[in-house]
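Undergrad: File structure32.cif below, mmCIF, C-alpha atoms:
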```
data_entry
#
loop_
_atom_site.label_atom_id
_atom_site.label_comp_id
_atom_site.auth_asym_id
_atom_site.auth_seq_id
_atom_site.Cartn_x
_atom_site.Cartn_y
_atom_site.Cartn_z
CA MET A 300 0.00 0.00 0.00
CA THR A 301 2.72 2.44 1.02
CA PHE A 302 4.51 1.58 -2.18
CA TRP A 303 1.60 2.47 -4.42
CA ILE A 304 1.21 5.83 -2.71
CA LEU A 305 4.90 6.68 -2.74
CA ALA A 306 5.89 5.34 -6.16
CA PRO A 307 3.85 7.85 -8.23
CA ILE A 308 5.08 10.70 -6.02
CA MET A 309 8.68 9.59 -6.50
CA VAL A 310 8.39 9.20 -10.26
CA ALA A 311 6.63 12.57 -10.57
CA ALA A 312 9.28 14.30 -8.45
CA ALA A 313 12.09 12.62 -10.37
CA LEU A 314 10.55 13.72 -13.67
CA GLY A 315 10.24 17.18 -12.20
CA ILE A 316 14.03 17.28 -11.75
CA LEU A 317 14.32 16.92 -15.52
CA PHE A 318 11.98 19.80 -16.29
CA VAL A 319 12.36 22.52 -13.66
CA ARG A 320 14.55 25.44 -14.67
CA LYS A 321 16.02 26.35 -11.31
CA ALA A 322 18.54 24.19 -9.49
CA VAL A 323 16.94 24.92 -6.11
CA HIS A 324 13.64 23.44 -7.24
CA ALA A 325 15.49 20.39 -8.50
CA ALA A 326 17.11 20.01 -5.07
CA LEU A 327 13.75 20.19 -3.33
CA LEU A 328 12.26 17.60 -5.68
CA LEU A 329 15.28 15.38 -5.01
CA ALA A 330 14.54 15.74 -1.30
CA VAL A 331 11.01 14.46 -1.96
CA VAL A 332 12.41 11.44 -3.82
CA MET A 333 14.93 10.71 -1.06
CA ILE A 334 12.46 10.94 1.83
CA SER A 335 9.98 8.73 -0.04
CA LEU A 336 12.83 6.29 -0.62
CA ALA A 337 13.54 6.29 3.12
CA PHE A 338 9.95 5.20 3.77
CA LEU A 339 10.29 2.46 1.18
CA TYR A 340 13.38 1.25 3.06
CA ALA A 341 11.28 1.11 6.22
CA VAL A 342 8.68 -0.93 4.36
CA LEU A 343 11.42 -3.25 3.09
CA ASP A 344 12.52 -4.17 6.65
CA ALA A 345 15.58 -1.89 6.64
CA PRO A 346 15.06 0.47 9.60
CA PHE A 347 18.78 1.24 9.82
CA LEU A 348 18.93 2.36 6.20
CA PHE A 349 15.72 4.34 6.76
CA ALA A 350 17.51 6.40 9.40
CA VAL A 351 20.75 6.65 7.41
CA GLN A 352 18.89 7.71 4.28
CA ILE A 353 17.22 10.59 6.08
CA ILE A 354 20.26 11.63 8.12
CA VAL A 355 22.99 11.23 5.50
CA TYR A 356 21.20 11.85 2.23
CA THR A 357 18.45 14.28 3.04
CA GLY A 358 20.23 15.83 5.99
CA ALA A 359 23.84 16.07 4.92
CA ILE A 360 24.22 15.58 1.18
CA LEU A 361 21.23 17.64 0.12
CA MET A 362 22.18 20.44 2.50
CA LEU A 363 25.64 20.40 0.94
CA PHE A 364 24.01 20.81 -2.45
CA LEU A 365 21.98 23.75 -1.16
CA PHE A 366 25.07 25.35 0.40
CA VAL A 367 26.99 25.15 -2.87
CA MET A 368 23.97 26.53 -4.69
CA MET A 369 23.96 29.49 -2.32
CA LEU A 370 27.67 30.03 -3.04
CA ILE A 371 27.50 29.90 -6.82
CA GLY A 372 24.20 31.66 -7.26
CA VAL A 373 20.70 30.41 -6.62
CA ASP A 374 19.35 31.80 -9.86
CA ALA A 375 21.81 29.97 -12.09
CA ALA A 376 19.44 28.48 -14.64
CA ASP A 377 20.27 26.05 -17.41
CA SER A 378 21.41 27.35 -20.75
CA VAL A 379 19.19 26.29 -23.59
CA VAL A 380 21.96 26.30 -26.18
CA GLU A 381 22.82 22.86 -27.48
CA THR A 382 26.53 22.38 -28.07
CA ILE A 383 25.95 19.07 -29.83
CA ARG A 384 23.09 19.27 -32.29
CA GLY A 385 20.11 17.10 -31.40
CA GLN A 386 21.70 15.89 -28.19
CA ARG A 387 18.61 16.46 -26.07
CA VAL A 388 16.31 14.59 -28.45
CA MET A 389 18.78 11.74 -28.79
CA ALA A 390 19.19 11.55 -25.02
CA VAL A 391 15.44 11.40 -24.44
CA VAL A 392 14.91 8.77 -27.17
CA LEU A 393 17.78 6.63 -25.91
CA GLY A 394 16.61 7.07 -22.32
CA LEU A 395 13.10 5.97 -23.21
CA ALA A 396 14.46 2.96 -25.10
CA PHE A 397 16.75 2.06 -22.21
CA GLY A 398 13.94 2.40 -19.67
CA THR A 399 11.53 0.36 -21.77
CA VAL A 400 14.03 -2.45 -22.25
CA LEU A 401 14.89 -2.42 -18.54
CA VAL A 402 11.28 -2.44 -17.36
CA LEU A 403 10.20 -5.08 -19.89
CA GLY A 404 13.17 -7.25 -19.01
CA ILE A 405 12.53 -7.00 -15.29
CA SER A 406 8.82 -7.69 -15.62
CA GLN A 407 9.54 -10.94 -17.45
CA VAL A 408 11.81 -12.25 -14.72
CA THR A 409 10.29 -14.43 -12.02
CA PHE A 410 11.93 -13.69 -8.71
CA GLY A 411 10.44 -16.63 -6.84
CA VAL A 412 9.17 -16.59 -3.30
CA VAL A 413 10.21 -13.61 -1.18
CA VAL A 414 12.22 -15.02 1.73
CA GLY A 415 11.76 -11.96 3.90
CA LEU A 416 14.12 -10.61 6.54
CA ASP A 417 12.29 -11.84 9.64
CA GLU A 418 14.92 -14.49 10.30
CA ALA A 419 17.92 -12.25 9.52
CA ASN A 420 16.46 -9.40 11.58
CA ALA A 421 15.54 -11.68 14.49
CA GLY A 422 17.86 -9.98 17.01
CA GLY A 423 17.12 -6.52 15.62
CA ASN A 424 18.18 -5.00 12.30
CA VAL A 425 21.01 -2.83 13.61
CA PRO A 426 22.82 -5.61 15.59
CA ALA A 427 22.47 -7.93 12.60
CA ILE A 428 23.98 -5.34 10.25
CA ALA A 429 26.76 -4.62 12.76
CA ASN A 430 27.56 -8.34 12.98
CA ILE A 431 28.06 -8.61 9.23
CA LEU A 432 29.71 -5.19 8.84
CA PHE A 433 32.38 -5.87 11.44
CA SER A 434 33.06 -9.47 10.45
CA ARG A 435 32.77 -10.22 6.76
CA TYR A 436 32.96 -6.64 5.51
CA VAL A 437 35.48 -5.26 7.96
CA PHE A 438 38.15 -4.61 5.31
CA ALA A 439 35.66 -2.77 3.15
CA PHE A 440 34.72 -0.78 6.23
CA GLU A 441 38.37 0.13 6.86
CA ALA A 442 38.80 1.09 3.22
CA THR A 443 35.78 3.36 3.63
CA SER A 444 37.49 5.22 6.44
CA ALA A 445 40.51 5.79 4.21
CA LEU A 446 38.16 6.99 1.47
CA LEU A 447 36.44 9.45 3.78
CA ILE A 448 39.74 10.89 5.01
CA THR A 449 40.94 11.24 1.43
CA ALA A 450 37.69 12.96 0.47
CA ALA A 451 37.94 15.41 3.37
CA LEU A 452 41.56 16.22 2.50
CA GLY A 453 40.70 16.54 -1.18
CA ALA A 454 37.87 18.95 -0.44
CA MET A 455 40.21 21.06 1.70
CA VAL A 456 42.87 21.13 -1.02
CA LEU A 457 40.33 22.03 -3.70
CA ALA A 458 38.65 24.72 -1.64
CA HIS A 459 41.89 26.25 -0.40
CA ARG A 460 43.05 29.47 -1.96
CA GLU A 461 46.56 30.80 -1.53
CA ARG A 462 46.76 34.32 -0.07
CA LEU A 463 48.42 36.52 -2.70
CA THR A 464 49.03 39.63 -0.61
CA PRO A 465 50.03 39.74 3.06
CA LYS A 466 47.14 40.21 5.44
CA ALA A 467 46.84 43.81 6.66
CA GLY A 468 47.13 43.99 10.44
CA GLN A 469 45.56 46.47 12.81
CA ALA A 470 48.55 48.81 12.66
CA GLU A 471 48.53 48.90 8.84
CA LEU A 472 44.78 49.49 8.76
CA ALA A 473 45.08 52.36 11.25
CA ALA A 474 47.93 53.92 9.25
CA GLN A 475 45.91 53.58 6.05
CA ARG A 476 42.93 55.27 7.72
CA MET A 477 45.09 58.18 8.84
CA ARG A 478 46.57 58.46 5.34
CA ASP A 479 43.08 58.55 3.83
CA TYR A 480 42.13 61.28 6.27
CA ALA A 481 45.23 63.32 5.49
CA GLU A 482 44.96 62.97 1.72
CA HIS A 483 41.23 62.83 1.00
CA GLY A 484 39.71 64.12 4.21
CA LYS A 485 37.81 60.90 4.74
CA HIS A 486 36.02 60.63 8.08
CA LEU A 487 38.19 58.89 10.66
CA GLY A 488 35.61 57.30 12.92
CA PRO A 489 33.23 54.44 12.30
CA LEU A 490 30.09 54.77 10.20
CA PRO A 491 27.03 56.16 11.98
CA SER A 492 24.81 53.53 13.58
CA PRO A 493 21.25 52.97 12.36
CA GLY A 494 18.47 55.05 13.86
CA VAL A 495 16.76 54.14 17.10
CA TYR A 496 13.08 55.04 17.23
CA ALA A 497 10.27 54.34 19.63
CA ARG A 498 8.87 51.54 17.50
CA HIS A 499 11.78 50.52 15.25
CA ASN A 500 15.43 50.03 16.05
CA ALA A 501 16.43 47.50 13.40
CA VAL A 502 19.33 47.87 10.95
CA ASP A 503 16.95 48.95 8.18
CA THR A 504 16.03 52.26 9.83
CA PRO A 505 18.44 55.04 8.90
CA ALA A 506 19.53 57.60 11.44
CA LEU A 507 18.26 61.17 11.11
CA LEU A 508 20.66 64.00 10.41
CA PRO A 509 20.20 67.28 12.32
CA ASP A 510 18.27 68.74 9.39
CA GLY A 511 15.73 65.89 9.50
CA THR A 512 16.95 63.97 6.45
CA ALA A 513 18.07 60.34 6.58
CA ALA A 514 21.78 59.54 6.90
CA GLU A 515 22.31 57.16 4.01
CA SER A 516 25.58 55.79 5.33
CA SER A 517 23.88 54.53 8.50
CA VAL A 518 22.24 51.57 6.71
CA SER A 519 23.91 48.78 4.80
CA ARG A 520 24.24 49.32 1.07
CA VAL A 521 22.81 45.83 0.50
CA LEU A 522 19.54 46.85 2.15
CA ALA A 523 19.50 50.06 0.14
CA ALA A 524 20.00 48.12 -3.10
CA ARG A 525 17.18 45.73 -2.17
CA GLY A 526 14.95 48.71 -1.43
CA THR A 527 13.99 47.45 2.03
CA VAL A 528 15.13 50.53 3.92
CA ARG A 529 12.43 52.20 6.00
CA SER A 530 11.92 55.90 5.57
CA ALA A 531 13.30 57.66 8.61
CA PRO A 532 11.35 60.93 8.28
CA ALA A 533 8.15 58.86 7.96
CA LEU A 534 9.01 57.13 11.22
CA ALA A 535 9.53 60.50 12.84
CA ASP A 536 6.12 61.55 11.49
CA ASP A 537 4.64 58.49 13.18
CA ILE A 538 6.08 59.68 16.43
CA ASP A 539 4.62 63.13 15.86
CA ASP A 540 1.24 61.51 15.23
CA VAL A 541 1.44 59.63 18.50
CA ARG A 542 2.39 62.81 20.30
CA ARG A 543 -0.55 64.64 18.83
CA GLN A 544 -2.89 61.85 19.84
CA LEU A 545 -1.49 61.81 23.36
CA ALA A 546 -1.84 65.59 23.57
CA GLY A 547 -5.45 65.28 22.37
CA LEU A 548 -6.21 62.63 25.00
CA GLU A 549 -4.76 64.58 27.86
CA GLY A 550 -6.42 67.75 26.74
CA HIS A 551 -3.29 69.82 26.96
CA SER A 552 0.09 69.49 25.35
CA ASP A 553 3.25 69.50 27.36
CA PRO A 554 6.17 69.39 24.92
CA ALA A 555 8.76 69.47 27.67
CA ALA A 556 7.55 66.14 29.07
CA MET A 557 7.64 64.46 25.67
CA PRO A 558 10.81 62.84 24.42
CA GLU A 559 12.75 64.50 21.67
CA THR A 560 11.54 63.04 18.37
CA SER A 561 14.10 63.83 15.76
CA GLY A 562 17.47 65.24 15.04
CA LYS A 563 19.22 63.10 17.61
CA ALA A 564 21.56 61.48 15.15
CA GLY A 565 24.58 63.63 15.77
CA ALA A 566 27.08 61.49 13.91
CA PRO A 567 28.54 63.38 10.99
CA ALA A 568 27.56 61.98 7.64
CA SER A 569 30.34 60.06 6.02
CA THR A 570 30.91 60.14 2.33
CA GLU A 571 29.86 57.38 -0.03
CA GLU A 572 33.54 56.39 -0.43
CA ASP A 573 33.58 55.42 3.22
CA VAL A 574 30.74 53.01 2.62
CA ASP A 575 32.52 51.63 -0.46
CA LYS A 576 35.70 51.02 1.45
CA HIS A 577 33.83 49.41 4.30
CA VAL A 578 31.98 47.04 2.01
CA ASP A 579 35.10 46.19 0.01
CA LYS A 580 36.93 45.33 3.19
CA ASP A 581 34.16 42.97 4.17
CA VAL A 582 34.28 41.30 0.79
CA ASP A 583 38.05 40.87 0.99
CA LYS A 584 37.71 39.13 4.28
CA MET B 252 8.95 -7.58 -5.33
CA THR B 253 8.93 -6.87 -9.06
CA GLN B 254 7.37 -3.47 -8.53
CA TYR B 255 10.31 -2.28 -6.41
CA ILE B 256 12.79 -3.28 -9.09
CA VAL B 257 10.66 -1.63 -11.78
CA LEU B 258 10.49 1.58 -9.75
CA SER B 259 14.26 1.39 -9.29
CA ALA B 260 14.71 0.97 -13.06
CA ILE B 261 12.42 3.93 -13.78
CA LEU B 262 14.26 6.17 -11.34
CA PHE B 263 17.60 5.07 -12.78
CA THR B 264 16.43 5.87 -16.31
CA ILE B 265 15.18 9.30 -15.26
CA GLY B 266 18.52 10.02 -13.61
CA CYS B 267 20.30 8.84 -16.73
CA VAL B 268 18.29 11.12 -19.03
CA GLY B 269 18.86 13.97 -16.58
CA VAL B 270 22.62 13.55 -16.74
CA LEU B 271 22.47 13.59 -20.53
CA THR B 272 20.12 16.56 -20.96
CA ARG B 273 20.75 19.02 -18.12
CA ARG B 274 23.55 21.60 -18.42
CA ASN B 275 23.88 22.89 -14.87
CA ALA B 276 26.67 20.91 -13.21
CA ILE B 277 24.83 20.78 -9.89
CA VAL B 278 21.66 19.40 -11.44
CA VAL B 279 23.74 16.83 -13.34
CA PHE B 280 25.23 15.85 -10.02
CA MET B 281 21.80 15.54 -8.45
CA CYS B 282 20.77 13.20 -11.25
CA VAL B 283 23.83 11.05 -10.49
CA GLU B 284 22.62 10.92 -6.88
CA LEU B 285 19.20 9.88 -8.14
CA MET B 286 20.79 6.98 -10.03
CA LEU B 287 22.72 5.91 -6.94
CA ASN B 288 19.51 6.02 -4.90
CA ALA B 289 17.71 3.92 -7.50
CA CYS B 290 20.46 1.30 -7.24
CA ASN B 291 20.16 1.37 -3.45
CA LEU B 292 16.46 0.65 -3.71
CA ALA B 293 17.21 -2.41 -5.86
CA PHE B 294 19.84 -3.59 -3.36
CA VAL B 295 17.48 -3.28 -0.41
CA ALA B 296 14.64 -4.97 -2.31
CA PHE B 297 16.89 -7.88 -3.26
CA ALA B 298 18.10 -8.18 0.33
CA ARG B 299 14.49 -8.82 1.33
CA GLN B 300 14.02 -11.19 -1.60
CA HIS B 301 16.97 -13.37 -0.61
CA GLY B 302 16.54 -13.07 3.12
CA ASN B 303 20.07 -11.90 4.00
CA LEU B 304 21.45 -8.50 4.90
CA ASP B 305 24.30 -8.28 2.37
CA GLY B 306 22.18 -6.07 0.11
CA GLN B 307 21.55 -3.62 2.93
CA ILE B 308 25.28 -3.53 3.74
CA THR B 309 26.03 -2.79 0.08
CA ALA B 310 23.45 0.00 0.06
CA PHE B 311 25.12 1.41 3.17
CA PHE B 312 28.52 1.39 1.45
CA VAL B 313 26.99 3.03 -1.62
CA MET B 314 25.71 5.82 0.65
CA VAL B 315 29.15 6.32 2.19
CA VAL B 316 30.83 6.44 -1.21
CA ALA B 317 28.14 8.82 -2.45
CA ALA B 318 28.82 11.14 0.48
CA ALA B 319 32.55 11.21 -0.29
CA GLU B 320 31.81 11.68 -3.99
CA VAL B 321 29.48 14.59 -3.34
CA VAL B 322 32.08 16.36 -1.21
CA ILE B 323 34.75 16.11 -3.89
CA GLY B 324 32.38 16.76 -6.78
CA LEU B 325 30.94 19.90 -5.25
CA ALA B 326 34.45 21.11 -4.38
CA ILE B 327 35.42 20.66 -8.03
CA ILE B 328 32.28 22.50 -9.19
CA MET B 329 33.15 25.32 -6.77
CA THR B 330 36.71 25.52 -8.09
CA ILE B 331 35.53 25.61 -11.71
CA PHE B 332 32.95 28.24 -10.81
CA ARG B 333 35.61 30.37 -9.13
CA THR B 334 37.85 30.43 -12.19
CA ARG B 335 35.22 30.44 -14.97
CA ARG B 336 32.21 32.10 -13.27
CA SER B 337 29.89 29.43 -14.64
CA ALA B 338 28.37 26.19 -13.40
CA SER B 339 27.49 24.97 -16.88
CA VAL B 340 29.13 21.73 -17.95
CA ASP B 341 29.50 23.06 -21.49
CA ASP B 342 31.81 25.87 -20.42
CA ALA B 343 34.47 23.58 -18.97
CA SER B 344 35.83 22.51 -22.33
CA LEU B 345 39.48 23.55 -22.16
CA LEU B 346 40.77 19.99 -22.55
CA LYS B 347 38.93 19.67 -25.87
CA TYR B 348 41.44 21.55 -27.96
#
```
Rewrite the structure of this file - the entire thing - as structure tokens.
TA:
Amino acid sequence: MTFWILAPIMVAAALGILFVRKAVHAALLLAVVMISLAFLYAVLDAPFLFAVQIIVYTGAILMLFLFVMMLIGVDAADSVVETIRGQRVMAVVLGLAFGTVLVLGISQVTFGVVVGLDEANAGGNVPAIANILFSRYVFAFEATSALLITAALGAMVLAHRERLTPKAGQAELAAQRMRDYAEHGKHLGPLPSPGVYARHNAVDTPALLPDGTAAESSVSRVLAARGTVRSAPALADDIDDVRRQLAGLEGHSDPAAMPETSGKAGAPASTEEDVDKHVDKDVDK
Amino acid sequence: MTQYIVLSAILFTIGCVGVLTRRNAIVVFMCVELMLNACNLAFVAFARQHGNLDGQITAFFVMVVAAAEVVIGLAIIMTIFRTRRSASVDDASLLKY
């Protein structure tokens, strides 16, 4: 029963991998296939592999795929250009032929009576697997450990990048900052912090300059590029609204008792170059 | 019993076609994983058919090897992406000429 529910889902998800444009969607469909497969393992009397399938495949391997996708660009879609003419059509035709031959061949084989794993799993599936793994397959197991160490080392070697320039220390950075100040008049101190308001104090709220305008350098350029920066003067207007309402409720207005609403951001505005340098430094790191 | 092997064959074929048609190296890699998973299903089904656990052990080893393979494969894809700014398998063709 479980099989007939899961099999169509798995085939549909696997076919989806062939047709979706984005790699992230393919990864999610692969997760569907793998989790369904884990349940089939449970049906097939393999509780250990059920757990391993979910932990190793869905948990570790698929997450690795998603991490790499995040690194090389989530939106990377397939190119439609065919480098070999007619390759796609040929691949589909050959795949269909291969699948048909395979399925027809298998359906004509008689497998005989299913023995079942009740006897082999008598003392529990995991102890039974451990018994075989650490007796008959112990050399394969040891070879696996060597393989895993080699893989870890290989990944480190492949991912390692040699540093081309010496790393700038604190003293060099300070000297560079002073030089920038002397030559270009760049502001010495840190960038102004984001604004703190009665109802918002997140990084997407810019600080207010003394003249009531927003200090652009107080929010990250990434947020500005995404267009998710809140309007600081609008926030200040909100506060004014609240003040007016409070004054209306109390019947008289007492400005001295109310907190100062705007113009508290005393940090001098830095130039756009400051932001550039800051961001570049982060990228270099 | 037969239905498990047929499902395994179908999944293997889909993975095969995926490797041949897709261009994104990561998706190609996922299709390879799909083929490995299809083989695992056949192993586990045959373990139940024959009533011993050797098939399950083999499936376990396939998973371990797949994990190691994924680590190295993705590291290679990352390295190629860093130098060529592309994850398409068609762009890595320097050895052709």
Undergrad: Find the residues near Asn303 (chain B): any atom within 8 Å, counting all atoms listed in the file, skip ones fewer than 3 places away on the same chain, and give them as a list in words.
TA: Leu416 and Ala419 of chain A; Ala298, Arg299 and Gly306 of chain B
Undergrad: Report, in Å with one decimal, the straight-line distance from CA of Met455 (chain A) to CA of Tyr356 (chain A).
TA: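 Interatomic distance here is 21.1 Å.
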Undergrad: Within 6 Å of chain A, which residues of chain B show up when using only C-alpha atoms, listed as a ChimeraX atom specification?
TA: /B:257,264,268-269,271-272,274-275,299-303,319,323,326
Undergrad: Report, in Å with one decimal, the straight-line distance from CA of Val322 (chain B) to CA of Val331 (chain A).
TA: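 Result for CA of Val322 (chain B) versus CA of Val331 (chain A): 21.2 Å, one decimal.
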Undergrad: Just checking: using only C-alpha atoms, which residue out of A:Pro509, A:Gly423, A:Pro465, A:Pro489 ends up closest to Leu304 (chain B)?
TA: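 Once distances to Leu304 (chain B) are computed over only C-alpha atoms, the minimum belongs to A:Gly423.
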Undergrad: Between B:Ala343, B:Val279, B:Asn288, B:Gln307, which is the closest to Thr357 (chain A) once you count all atoms listed in the file?
TA: B:Asn288
Undergrad: Report the distance between CA of Gly488 (chain A) and CA of Ser516 (chain A) in Å, rounded to one decimal place.
TA: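 Separation between CA of Gly488 (chain A) and CA of Ser516 (chain A): 12.7 Å.
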Undergrad: Determine the residue membership of the PyMOL selection byres ((chain B and resi 259) around 8) for the file above and supply it as a ChimeraX atom specification.
TA: /B:255-258,260-263,289-290,292-293
Undergrad: Name the residues captured by the PyMOL selection byres ((chain A and resi 519) around 10) when it is applied to the shown file; answer as a PyMOL selection string.
TA: chain A and resi 493+502-505+515-518+520-524+528+574+577-578
Undergrad: Give me the residues near region 308-311 of chain B as a CSV table (one decimal) with C-alpha atoms, keeping the file's coordinate frame, where near means some atom within 6 Å (using all atoms listed in the file) and where sequence neighbours in that chain fewer than 3 positions away do not count.
TA:
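Okay, this is what ended up in around_21.csv:
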```csv
chain,number,residue,atom,x,y,z
B,291,ASN,CA,20.2,1.4,-3.4
B,305,ASP,CA,24.3,-8.3,2.4
B,314,MET,CA,25.7,5.8,0.6
```
Undergrad: Could you tell me which residues the PyMOL selection byres ((chain B and resi 333-338) around 8) grabs in this file, written as a list in words?
TA: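 Written out, the selection comes to Ile371 and Ala375 of chain A; Asn275, Ala276, Ile277, Ile328, Met329, Thr330, Ile331, Phe332, Ser339, Val340, Asp342 and Ala343 of chain B.
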Undergrad: Compare B:Phe297, B:Phe280, B:Met252, B:Leu345 by their minimum atom-to-atom distance to Glu320 (chain B), counting all atoms listed in the file, and give me the closest one.
TA: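 Smallest distance to Glu320 (chain B) is found for B:Phe280.
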Undergrad: Emit region 281-304 of chain B of the structure in the block as a file comprising N, CA and C atoms, as a PDB file, in the first residue's frame.
TA:
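Heads up, here's the output in part_14.pdb:
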```
ATOM      1  N   MET B 281      22.979  16.042  -9.150  1.00  0.00           N
ATOM      2  CA  MET B 281      21.796  15.539  -8.453  1.00  0.00           C
ATOM      3  C   MET B 281      21.233  14.335  -9.176  1.00  0.00           C
ATOM      4  N   CYS B 282      21.291  14.335 -10.499  1.00  0.00           N
ATOM      5  CA  CYS B 282      20.775  13.197 -11.252  1.00  0.00           C
ATOM      6  C   CYS B 282      21.646  11.968 -11.002  1.00  0.00           C
ATOM      7  N   VAL B 283      22.961  12.179 -10.842  1.00  0.00           N
ATOM      8  CA  VAL B 283      23.832  11.052 -10.488  1.00  0.00           C
ATOM      9  C   VAL B 283      23.407  10.484  -9.136  1.00  0.00           C
ATOM     10  N   GLU B 284      23.093  11.382  -8.193  1.00  0.00           N
ATOM     11  CA  GLU B 284      22.623  10.920  -6.880  1.00  0.00           C
ATOM     12  C   GLU B 284      21.325  10.131  -7.016  1.00  0.00           C
ATOM     13  N   LEU B 285      20.461  10.589  -7.920  1.00  0.00           N
ATOM     14  CA  LEU B 285      19.198   9.878  -8.139  1.00  0.00           C
ATOM     15  C   LEU B 285      19.471   8.464  -8.630  1.00  0.00           C
ATOM     16  N   MET B 286      20.446   8.316  -9.534  1.00  0.00           N
ATOM     17  CA  MET B 286      20.787   6.981 -10.034  1.00  0.00           C
ATOM     18  C   MET B 286      21.323   6.112  -8.903  1.00  0.00           C
ATOM     19  N   LEU B 287      22.183   6.686  -8.062  1.00  0.00           N
ATOM     20  CA  LEU B 287      22.721   5.911  -6.937  1.00  0.00           C
ATOM     21  C   LEU B 287      21.592   5.461  -6.011  1.00  0.00           C
ATOM     22  N   ASN B 288      20.634   6.367  -5.769  1.00  0.00           N
ATOM     23  CA  ASN B 288      19.514   6.021  -4.901  1.00  0.00           C
ATOM     24  C   ASN B 288      18.672   4.914  -5.504  1.00  0.00           C
ATOM     25  N   ALA B 289      18.484   4.955  -6.830  1.00  0.00           N
ATOM     26  CA  ALA B 289      17.708   3.917  -7.497  1.00  0.00           C
ATOM     27  C   ALA B 289      18.386   2.561  -7.310  1.00  0.00           C
ATOM     28  N   CYS B 290      19.715   2.545  -7.445  1.00  0.00           N
ATOM     29  CA  CYS B 290      20.456   1.298  -7.239  1.00  0.00           C
ATOM     30  C   CYS B 290      20.292   0.815  -5.798  1.00  0.00           C
ATOM     31  N   ASN B 291      20.334   1.740  -4.856  1.00  0.00           N
ATOM     32  CA  ASN B 291      20.164   1.368  -3.449  1.00  0.00           C
ATOM     33  C   ASN B 291      18.817   0.695  -3.224  1.00  0.00           C
ATOM     34  N   LEU B 292      17.794   1.241  -3.873  1.00  0.00           N
ATOM     35  CA  LEU B 292      16.463   0.649  -3.710  1.00  0.00           C
ATOM     36  C   LEU B 292      16.474  -0.800  -4.201  1.00  0.00           C
ATOM     37  N   ALA B 293      17.129  -1.035  -5.347  1.00  0.00           N
ATOM     38  CA  ALA B 293      17.210  -2.411  -5.863  1.00  0.00           C
ATOM     39  C   ALA B 293      17.965  -3.299  -4.886  1.00  0.00           C
ATOM     40  N   PHE B 294      19.055  -2.794  -4.324  1.00  0.00           N
ATOM     41  CA  PHE B 294      19.839  -3.586  -3.361  1.00  0.00           C
ATOM     42  C   PHE B 294      18.983  -3.996  -2.165  1.00  0.00           C
ATOM     43  N   VAL B 295      18.267  -3.002  -1.617  1.00  0.00           N
ATOM     44  CA  VAL B 295      17.477  -3.284  -0.413  1.00  0.00           C
ATOM     45  C   VAL B 295      16.334  -4.245  -0.744  1.00  0.00           C
ATOM     46  N   ALA B 296      15.736  -4.074  -1.923  1.00  0.00           N
ATOM     47  CA  ALA B 296      14.645  -4.973  -2.310  1.00  0.00           C
ATOM     48  C   ALA B 296      15.166  -6.397  -2.472  1.00  0.00           C
ATOM     49  N   PHE B 297      16.338  -6.534  -3.083  1.00  0.00           N
ATOM     50  CA  PHE B 297      16.891  -7.884  -3.265  1.00  0.00           C
ATOM     51  C   PHE B 297      17.334  -8.489  -1.937  1.00  0.00           C
ATOM     52  N   ALA B 298      17.754  -7.647  -0.991  1.00  0.00           N
ATOM     53  CA  ALA B 298      18.099  -8.178   0.329  1.00  0.00           C
ATOM     54  C   ALA B 298      16.883  -8.856   0.943  1.00  0.00           C
ATOM     55  N   ARG B 299      15.708  -8.222   0.781  1.00  0.00           N
ATOM     56  CA  ARG B 299      14.491  -8.821   1.330  1.00  0.00           C
ATOM     57  C   ARG B 299      14.124 -10.079   0.547  1.00  0.00           C
ATOM     58  N   GLN B 300      14.353 -10.030  -0.765  1.00  0.00           N
ATOM     59  CA  GLN B 300      14.024 -11.190  -1.600  1.00  0.00           C
ATOM     60  C   GLN B 300      14.819 -12.416  -1.164  1.00  0.00           C
ATOM     61  N   HIS B 301      16.114 -12.227  -0.904  1.00  0.00           N
ATOM     62  CA  HIS B 301      16.972 -13.371  -0.612  1.00  0.00           C
ATOM     63  C   HIS B 301      17.090 -13.650   0.871  1.00  0.00           C
ATOM     64  N   GLY B 302      16.566 -12.778   1.699  1.00  0.00           N
ATOM     65  CA  GLY B 302      16.543 -13.068   3.118  1.00  0.00           C
ATOM     66  C   GLY B 302      17.890 -12.955   3.806  1.00  0.00           C
ATOM     67  N   ASN B 303      18.849 -12.207   3.234  1.00  0.00           N
ATOM     68  CA  ASN B 303      20.067 -11.899   4.000  1.00  0.00           C
ATOM     69  C   ASN B 303      20.376 -10.416   3.876  1.00  0.00           C
ATOM     70  N   LEU B 304      21.268  -9.940   4.747  1.00  0.00           N
ATOM     71  CA  LEU B 304      21.448  -8.497   4.898  1.00  0.00           C
ATOM     72  C   LEU B 304      22.569  -7.938   4.030  1.00  0.00           C
TER      73      LEU B 304
END
```
